[in-house]
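Below is structure-v2.pdb, holding PDB, C-alpha atoms and all ligand atoms.
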MODEL        1
ATOM      1  CA  MET H 151     115.576  78.978 103.024  1.00  0.00           C
ATOM      2  CA  THR H 152     111.892  79.705 103.052  1.00  0.00           C
ATOM      3  CA  ASN H 153     109.364  79.860 105.802  1.00  0.00           C
ATOM      4  CA  GLN H 154     106.694  77.503 104.608  1.00  0.00           C
ATOM      5  CA  THR H 155     105.061  76.912 107.945  1.00  0.00           C
ATOM      6  CA  GLU H 156     101.366  77.476 107.840  1.00  0.00           C
ATOM      7  CA  PHE H 157      99.928  79.941 110.282  1.00  0.00           C
ATOM      8  CA  THR H 158      97.083  78.266 112.027  1.00  0.00           C
ATOM      9  CA  LYS H 159      94.756  79.719 114.551  1.00  0.00           C
ATOM     10  CA  PRO H 160      94.161  77.001 117.073  1.00  0.00           C
ATOM     11  CA  GLN H 161      91.518  77.597 119.656  1.00  0.00           C
ATOM     12  CA  ALA H 162      94.139  78.762 122.134  1.00  0.00           C
ATOM     13  CA  ALA H 163      95.341  81.425 119.690  1.00  0.00           C
ATOM     14  CA  GLN H 164      91.781  82.561 118.980  1.00  0.00           C
ATOM     15  CA  ALA H 165      91.127  82.789 122.698  1.00  0.00           C
ATOM     16  CA  ALA H 166      94.359  84.737 123.117  1.00  0.00           C
ATOM     17  CA  ALA H 167      93.246  87.177 120.402  1.00  0.00           C
ATOM     18  CA  VAL H 168      89.984  87.760 122.218  1.00  0.00           C
ATOM     19  CA  GLN H 169      91.846  88.287 125.488  1.00  0.00           C
ATOM     20  CA  LEU H 170      94.286  90.671 123.796  1.00  0.00           C
ATOM     21  CA  THR H 171      91.392  92.710 122.377  1.00  0.00           C
ATOM     22  CA  SER H 172      89.884  92.896 125.851  1.00  0.00           C
ATOM     23  CA  LEU H 173      93.216  93.779 127.446  1.00  0.00           C
ATOM     24  CA  PHE H 174      93.994  96.495 124.899  1.00  0.00           C
ATOM     25  CA  GLY H 175      90.478  97.881 125.409  1.00  0.00           C
ATOM     26  CA  ALA H 176      90.935  98.076 129.171  1.00  0.00           C
ATOM     27  CA  ILE H 177      94.450  99.531 128.950  1.00  0.00           C
ATOM     28  CA  GLY H 178      93.381 101.928 126.209  1.00  0.00           C
ATOM     29  CA  ALA H 179      90.480 103.205 128.297  1.00  0.00           C
ATOM     30  CA  GLU H 180      92.835 103.738 131.247  1.00  0.00           C
ATOM     31  CA  ILE H 181      95.345 105.603 129.068  1.00  0.00           C
ATOM     32  CA  GLU H 182      92.592 107.799 127.619  1.00  0.00           C
ATOM     33  CA  ALA H 183      91.150 108.570 131.062  1.00  0.00           C
ATOM     34  CA  ASN H 184      94.597 109.474 132.359  1.00  0.00           C
ATOM     35  CA  LYS H 185      95.240 111.783 129.406  1.00  0.00           C
ATOM     36  CA  ARG H 186      91.914 113.553 129.943  1.00  0.00           C
ATOM     37  CA  ALA H 187      92.567 113.850 133.688  1.00  0.00           C
ATOM     38  CA  HIS H 188      95.884 115.557 132.963  1.00  0.00           C
ATOM     39  CA  GLY H 189      94.511 117.855 130.265  1.00  0.00           C
ATOM     40  CA  TRP H 190      96.218 116.177 127.303  1.00  0.00           C
ATOM     41  CA  LYS H 191      94.557 116.017 123.907  1.00  0.00           C
ATOM     42  CA  VAL H 192      93.052 112.650 123.038  1.00  0.00           C
ATOM     43  CA  THR H 193      93.517 111.869 119.365  1.00  0.00           C
ATOM     44  CA  GLY H 194      90.230 110.609 117.930  1.00  0.00           C
ATOM     45  CA  PRO H 195      89.015 109.073 114.678  1.00  0.00           C
ATOM     46  CA  ASP H 196      88.210 112.516 113.250  1.00  0.00           C
ATOM     47  CA  ASP H 197      91.853 113.528 113.682  1.00  0.00           C
ATOM     48  CA  TRP H 198      92.690 111.309 110.693  1.00  0.00           C
ATOM     49  CA  ALA H 199      91.738 114.323 108.518  1.00  0.00           C
ATOM     50  CA  ASP H 200      94.196 116.578 110.372  1.00  0.00           C
ATOM     51  CA  GLN H 201      97.617 116.736 108.723  1.00  0.00           C
ATOM     52  CA  HIS H 202      99.480 117.232 112.002  1.00  0.00           C
ATOM     53  CA  GLU H 203      97.750 115.420 114.883  1.00  0.00           C
ATOM     54  CA  VAL H 204      98.483 111.783 113.996  1.00  0.00           C
ATOM     55  CA  PRO H 205     102.016 112.520 112.746  1.00  0.00           C
ATOM     56  CA  ALA H 206     102.722 114.286 116.068  1.00  0.00           C
ATOM     57  CA  VAL H 207     101.651 111.211 118.035  1.00  0.00           C
ATOM     58  CA  LEU H 208     103.704 108.966 115.730  1.00  0.00           C
ATOM     59  CA  MET H 209     106.742 111.112 116.475  1.00  0.00           C
ATOM     60  CA  LEU H 210     106.062 110.728 120.203  1.00  0.00           C
ATOM     61  CA  ILE H 211     106.084 106.943 119.693  1.00  0.00           C
ATOM     62  CA  THR H 212     109.336 107.306 117.747  1.00  0.00           C
ATOM     63  CA  THR H 213     110.785 109.324 120.630  1.00  0.00           C
ATOM     64  CA  GLU H 214     110.002 106.484 123.022  1.00  0.00           C
ATOM     65  CA  VAL H 215     111.838 104.059 120.705  1.00  0.00           C
ATOM     66  CA  ALA H 216     114.810 106.439 120.702  1.00  0.00           C
ATOM     67  CA  GLU H 217     114.693 106.547 124.512  1.00  0.00           C
ATOM     68  CA  ALA H 218     114.785 102.735 124.558  1.00  0.00           C
ATOM     69  CA  MET H 219     117.828 102.865 122.304  1.00  0.00           C
ATOM     70  CA  GLU H 220     119.505 105.304 124.669  1.00  0.00           C
ATOM     71  CA  ALA H 221     118.723 103.040 127.624  1.00  0.00           C
ATOM     72  CA  PHE H 222     120.318 100.164 125.701  1.00  0.00           C
ATOM     73  CA  ARG H 223     123.400 102.275 125.009  1.00  0.00           C
ATOM     74  CA  ASN H 224     123.608 103.035 128.727  1.00  0.00           C
ATOM     75  CA  ASN H 225     123.243  99.330 129.587  1.00  0.00           C
ATOM     76  CA  ASP H 226     120.210 100.255 131.712  1.00  0.00           C
ATOM     77  CA  ARG H 227     117.800  97.311 131.454  1.00  0.00           C
ATOM     78  CA  ALA H 228     115.292  98.791 133.902  1.00  0.00           C
ATOM     79  CA  ASN H 229     114.989 101.997 131.887  1.00  0.00           C
ATOM     80  CA  PHE H 230     114.948  99.944 128.659  1.00  0.00           C
ATOM     81  CA  ALA H 231     111.864  98.097 129.926  1.00  0.00           C
ATOM     82  CA  GLU H 232     110.249 101.393 130.942  1.00  0.00           C
ATOM     83  CA  GLU H 233     110.797 102.904 127.498  1.00  0.00           C
ATOM     84  CA  LEU H 234     109.423  99.808 125.746  1.00  0.00           C
ATOM     85  CA  ALA H 235     106.374 100.199 127.975  1.00  0.00           C
ATOM     86  CA  ASP H 236     106.108 103.824 126.835  1.00  0.00           C
ATOM     87  CA  VAL H 237     106.118 102.650 123.199  1.00  0.00           C
ATOM     88  CA  LEU H 238     103.202 100.334 123.901  1.00  0.00           C
ATOM     89  CA  ILE H 239     101.323 102.829 126.069  1.00  0.00           C
ATOM     90  CA  ARG H 240     101.426 105.431 123.303  1.00  0.00           C
ATOM     91  CA  THR H 241     100.614 102.854 120.604  1.00  0.00           C
ATOM     92  CA  ILE H 242      97.745 101.243 122.487  1.00  0.00           C
ATOM     93  CA  GLY H 243      96.460 104.666 123.531  1.00  0.00           C
ATOM     94  CA  LEU H 244      96.473 105.943 119.948  1.00  0.00           C
ATOM     95  CA  SER H 245      94.805 102.859 118.528  1.00  0.00           C
ATOM     96  CA  HIS H 246      92.178 102.848 121.278  1.00  0.00           C
ATOM     97  CA  SER H 247      91.214 106.507 120.909  1.00  0.00           C
ATOM     98  CA  MET H 248      91.173 106.204 117.116  1.00  0.00           C
ATOM     99  CA  GLU H 249      88.970 103.106 117.402  1.00  0.00           C
ATOM    100  CA  ILE H 250      91.501 100.863 115.654  1.00  0.00           C
ATOM    101  CA  ASP H 251      91.384  97.124 116.366  1.00  0.00           C
ATOM    102  CA  LEU H 252      95.079  96.765 117.224  1.00  0.00           C
ATOM    103  CA  ALA H 253      94.770  93.179 118.492  1.00  0.00           C
ATOM    104  CA  GLY H 254      93.040  92.139 115.279  1.00  0.00           C
ATOM    105  CA  ALA H 255      95.675  93.947 113.215  1.00  0.00           C
ATOM    106  CA  ILE H 256      98.450  92.157 115.123  1.00  0.00           C
ATOM    107  CA  TYR H 257      96.975  88.742 114.444  1.00  0.00           C
ATOM    108  CA  SER H 258      96.316  89.579 110.786  1.00  0.00           C
ATOM    109  CA  LYS H 259      99.886  90.770 110.376  1.00  0.00           C
ATOM    110  CA  MET H 260     101.269  87.675 112.119  1.00  0.00           C
ATOM    111  CA  GLU H 261      99.286  85.537 109.694  1.00  0.00           C
ATOM    112  CA  HIS H 262     100.706  87.547 106.783  1.00  0.00           C
ATOM    113  CA  ASN H 263     104.253  87.224 108.153  1.00  0.00           C
ATOM    114  CA  HIS H 264     103.939  83.454 108.437  1.00  0.00           C
ATOM    115  CA  ALA H 265     103.118  83.279 104.721  1.00  0.00           C
ATOM    116  CA  ARG H 266     106.149  85.347 103.711  1.00  0.00           C
ATOM    117  CA  ALA H 267     109.297  83.780 102.325  1.00  0.00           C
ATOM    118  CA  TYR H 268     112.409  83.898 104.481  1.00  0.00           C
ATOM    119  CA  LYS H 269     114.197  87.253 103.952  1.00  0.00           C
ATOM    120  CA  HIS H 270     111.573  88.201 101.387  1.00  0.00           C
ATOM    121  CA  GLY H 271     112.531  90.773  98.781  1.00  0.00           C
ATOM    122  CA  GLY H 272     116.242  90.053  99.223  1.00  0.00           C
ATOM    123  CA  LYS H 273     116.368  91.846 102.566  1.00  0.00           C
ATOM    124  CA  ARG H 274     119.586  91.358 104.560  1.00  0.00           C
ATOM    125  CA  ILE H 275     118.069  91.627 108.026  1.00  0.00           C
TER     126      ILE H 275
HETATM  127 MG    MG L   1     109.849 107.509 127.753  1.00  0.00          MG
ENDMDL
END
Would it be possible to restate this file's structure as structure tokens?
Amino acid sequence: MTNQTEFTKPQAAQAAAVQLTSLFGAIGAEIEANKRAHGWKVTGPDDWADQHEVPAVLMLITTEVAEAMEAFRNNDRANFAEELADVLIRTIGLSHSMEIDLAGAIYSKMEHNHARAYKHGGKRI
């Protein structure tokens, strides 16, 4: 079975992408302001050259995923939602402070995924 559906960007999807960019910008600014207010380091574009800063933030995102897994194991849907929110807060915060267009990357990746064959590369899941 292959996924031959064509990814199209109807006007509604283009409008949604613009709204997502705006939303991520607003949330990202809030996250950054909160980090500064609490004395946390804000990872910036120049930190790309640092061998430890970005990997440390990626591990914090990974920790939030692990916390979501633990919430799932505990059958705690409320905490599961909170940990998924943490994943996005850290991800949106990182992309915002590093000046990465996360909304644009999401839509580009969705377009790429639509063009992929079903279970491409012989993957099982
Ligand atoms: Mg958490």
Between H:Ala167, H:Glu220, H:Ser247, H:Arg227, which is the closest to ligand MG 1 (chain L) once you count all atoms listed in the file?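 Smallest separation from ligand MG 1 (chain L) among the options: H:Glu220.
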Have a look at H:Ile177, H:Met219, H:Ala253, H:Val168 and name the one nearest to ligand MG 1 (chain L); count all atoms listed in the file.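 Nearest to ligand MG 1 (chain L): H:Met219.
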Selection as a PyMOL selection string: residues within 9 Å of ligand MG 1 (chain L) by all atoms listed in the file: chain H and resi 211+213-218+229+232-237
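Residue membership of the PyMOL selection byres (((chain H and resi 182) around 9) and not hetatm) in the shown file amounts to Ile177, Gly178, Ala179, Glu180, Ile181, Ala183, Asn184, Lys185, Arg186, Ala187, Val192, Gly243, Leu244, His246 and Ser247 of chain H.
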Counting all atoms listed in the file, which of H:Tyr257, H:Ala267, H:Glu249, H:Phe174 gets nearest to Asp196 in chain H?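 Nearest to Asp196 in chain H: H:Glu249.
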One residue among H:Ala231, H:Gly189, H:Asp226, H:Ile239 is nearest to Val207 in chain H when using only C-alpha atoms, and that residue is H:Ile239
Residue with the minimum atom-to-atom distance to Ala199 in chain H, picked from H:Ala228, H:Ile256, H:Leu238, H:Met248 with all atoms listed in the file counted, is H:Met248
Rounded to one decimal in Å, what is the spacing between CA of Thr241 in chain H and CA of Tyr268 in chain H?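 Interatomic distance, CA of Thr241 in chain H to CA of Tyr268 in chain H: 27.5 Å.
For the pair CA of Gln169 in chain H and CA of Gly194 in chain H, the separation is 23.6 Å.
CA of Thr171 in chain H to CA of Ala255 in chain H spans 10.2 Å [interatomic distance, one decimal].
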Draw an axis-aligned box tight on the listed atoms of range 179-185 of chain H, then pad every side by 3 Å and write out centre and edge lengths in Å to one decimal as AutoDock Vina command-line options.
--center_x 92.9 --center_y 107.5 --center_z 130.0 --size_x 10.9 --size_y 14.6 --size_z 10.7
Kindly indicate which residue among H:Gly254, H:Trp190, H:Ser245, H:Ala176 lies nearest to Val204 in chain H, using only C-alpha atoms for the distances.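 Answer, going by the shortest atom-to-atom distance: H:Ser245.
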Output range 195-226 of chain H with N, CA and C atoms present, as a tab-separated table (two decimals), keeping the file's coordinate frame.
chain	number	residue	atom	x	y	z
H	195	PRO	N	89.16	109.49	116.09
H	195	PRO	CA	89.02	109.07	114.68
H	195	PRO	C	88.95	110.25	113.71
H	196	ASP	N	88.33	111.35	114.13
H	196	ASP	CA	88.21	112.52	113.25
H	196	ASP	C	89.55	113.20	112.99
H	197	ASP	N	90.54	112.92	113.86
H	197	ASP	CA	91.85	113.53	113.68
H	197	ASP	C	92.60	112.96	112.48
H	198	TRP	N	92.07	111.88	111.90
H	198	TRP	CA	92.69	111.31	110.69
H	198	TRP	C	92.76	112.36	109.59
H	199	ALA	N	91.79	113.28	109.55
H	199	ALA	CA	91.74	114.32	108.52
H	199	ALA	C	92.75	115.44	108.78
H	200	ASP	N	93.23	115.53	110.01
H	200	ASP	CA	94.20	116.58	110.37
H	200	ASP	C	95.59	116.16	109.90
H	201	GLN	N	96.30	117.08	109.27
H	201	GLN	CA	97.62	116.74	108.72
H	201	GLN	C	98.71	116.68	109.79
H	202	HIS	N	98.42	117.13	111.00
H	202	HIS	CA	99.48	117.23	112.00
H	202	HIS	C	99.27	116.37	113.24
H	203	GLU	N	98.02	116.10	113.62
H	203	GLU	CA	97.75	115.42	114.88
H	203	GLU	C	98.34	114.00	114.93
H	204	VAL	N	97.98	113.17	113.99
H	204	VAL	CA	98.48	111.78	114.00
H	204	VAL	C	100.00	111.75	113.81
H	205	PRO	N	100.55	112.52	112.86
H	205	PRO	CA	102.02	112.52	112.75
H	205	PRO	C	102.72	112.94	114.05
H	206	ALA	N	102.11	113.87	114.80
H	206	ALA	CA	102.72	114.29	116.07
H	206	ALA	C	102.76	113.12	117.05
H	207	VAL	N	101.69	112.36	117.12
H	207	VAL	CA	101.65	111.21	118.04
H	207	VAL	C	102.64	110.14	117.57
H	208	LEU	N	102.73	109.94	116.25
H	208	LEU	CA	103.70	108.97	115.73
H	208	LEU	C	105.13	109.37	116.09
H	209	MET	N	105.40	110.66	116.08
H	209	MET	CA	106.74	111.11	116.48
H	209	MET	C	106.98	110.91	117.97
H	210	LEU	N	105.91	111.02	118.77
H	210	LEU	CA	106.06	110.73	120.20
H	210	LEU	C	106.39	109.25	120.41
H	211	ILE	N	105.76	108.38	119.61
H	211	ILE	CA	106.08	106.94	119.69
H	211	ILE	C	107.54	106.73	119.27
H	212	THR	N	107.95	107.40	118.22
H	212	THR	CA	109.34	107.31	117.75
H	212	THR	C	110.31	107.77	118.82
H	213	THR	N	109.94	108.82	119.54
H	213	THR	CA	110.78	109.32	120.63
H	213	THR	C	110.97	108.28	121.71
H	214	GLU	N	109.89	107.54	122.01
H	214	GLU	CA	110.00	106.48	123.02
H	214	GLU	C	110.94	105.37	122.55
H	215	VAL	N	110.91	105.05	121.26
H	215	VAL	CA	111.84	104.06	120.70
H	215	VAL	C	113.27	104.57	120.84
H	216	ALA	N	113.47	105.85	120.57
H	216	ALA	CA	114.81	106.44	120.70
H	216	ALA	C	115.27	106.40	122.16
H	217	GLU	N	114.34	106.62	123.09
H	217	GLU	CA	114.69	106.55	124.51
H	217	GLU	C	115.08	105.12	124.90
H	218	ALA	N	114.41	104.13	124.30
H	218	ALA	CA	114.78	102.74	124.56
H	218	ALA	C	116.18	102.46	124.03
H	219	MET	N	116.48	103.03	122.87
H	219	MET	CA	117.83	102.86	122.30
H	219	MET	C	118.88	103.49	123.22
H	220	GLU	N	118.56	104.64	123.76
H	220	GLU	CA	119.50	105.30	124.67
H	220	GLU	C	119.70	104.48	125.95
H	221	ALA	N	118.62	103.91	126.44
H	221	ALA	CA	118.72	103.04	127.62
H	221	ALA	C	119.61	101.83	127.32
H	222	PHE	N	119.46	101.29	126.12
H	222	PHE	CA	120.32	100.16	125.70
H	222	PHE	C	121.78	100.60	125.66
H	223	ARG	N	122.02	101.77	125.09
H	223	ARG	CA	123.40	102.28	125.01
H	223	ARG	C	123.99	102.46	126.39
H	224	ASN	N	123.15	102.81	127.35
H	224	ASN	CA	123.61	103.04	128.73
H	224	ASN	C	123.61	101.75	129.55
H	225	ASN	N	123.29	100.63	128.90
H	225	ASN	CA	123.24	99.33	129.59
H	225	ASN	C	122.30	99.37	130.80
H	226	ASP	N	121.18	100.08	130.63
H	226	ASP	CA	120.21	100.26	131.71
H	226	ASP	C	118.94	99.45	131.38
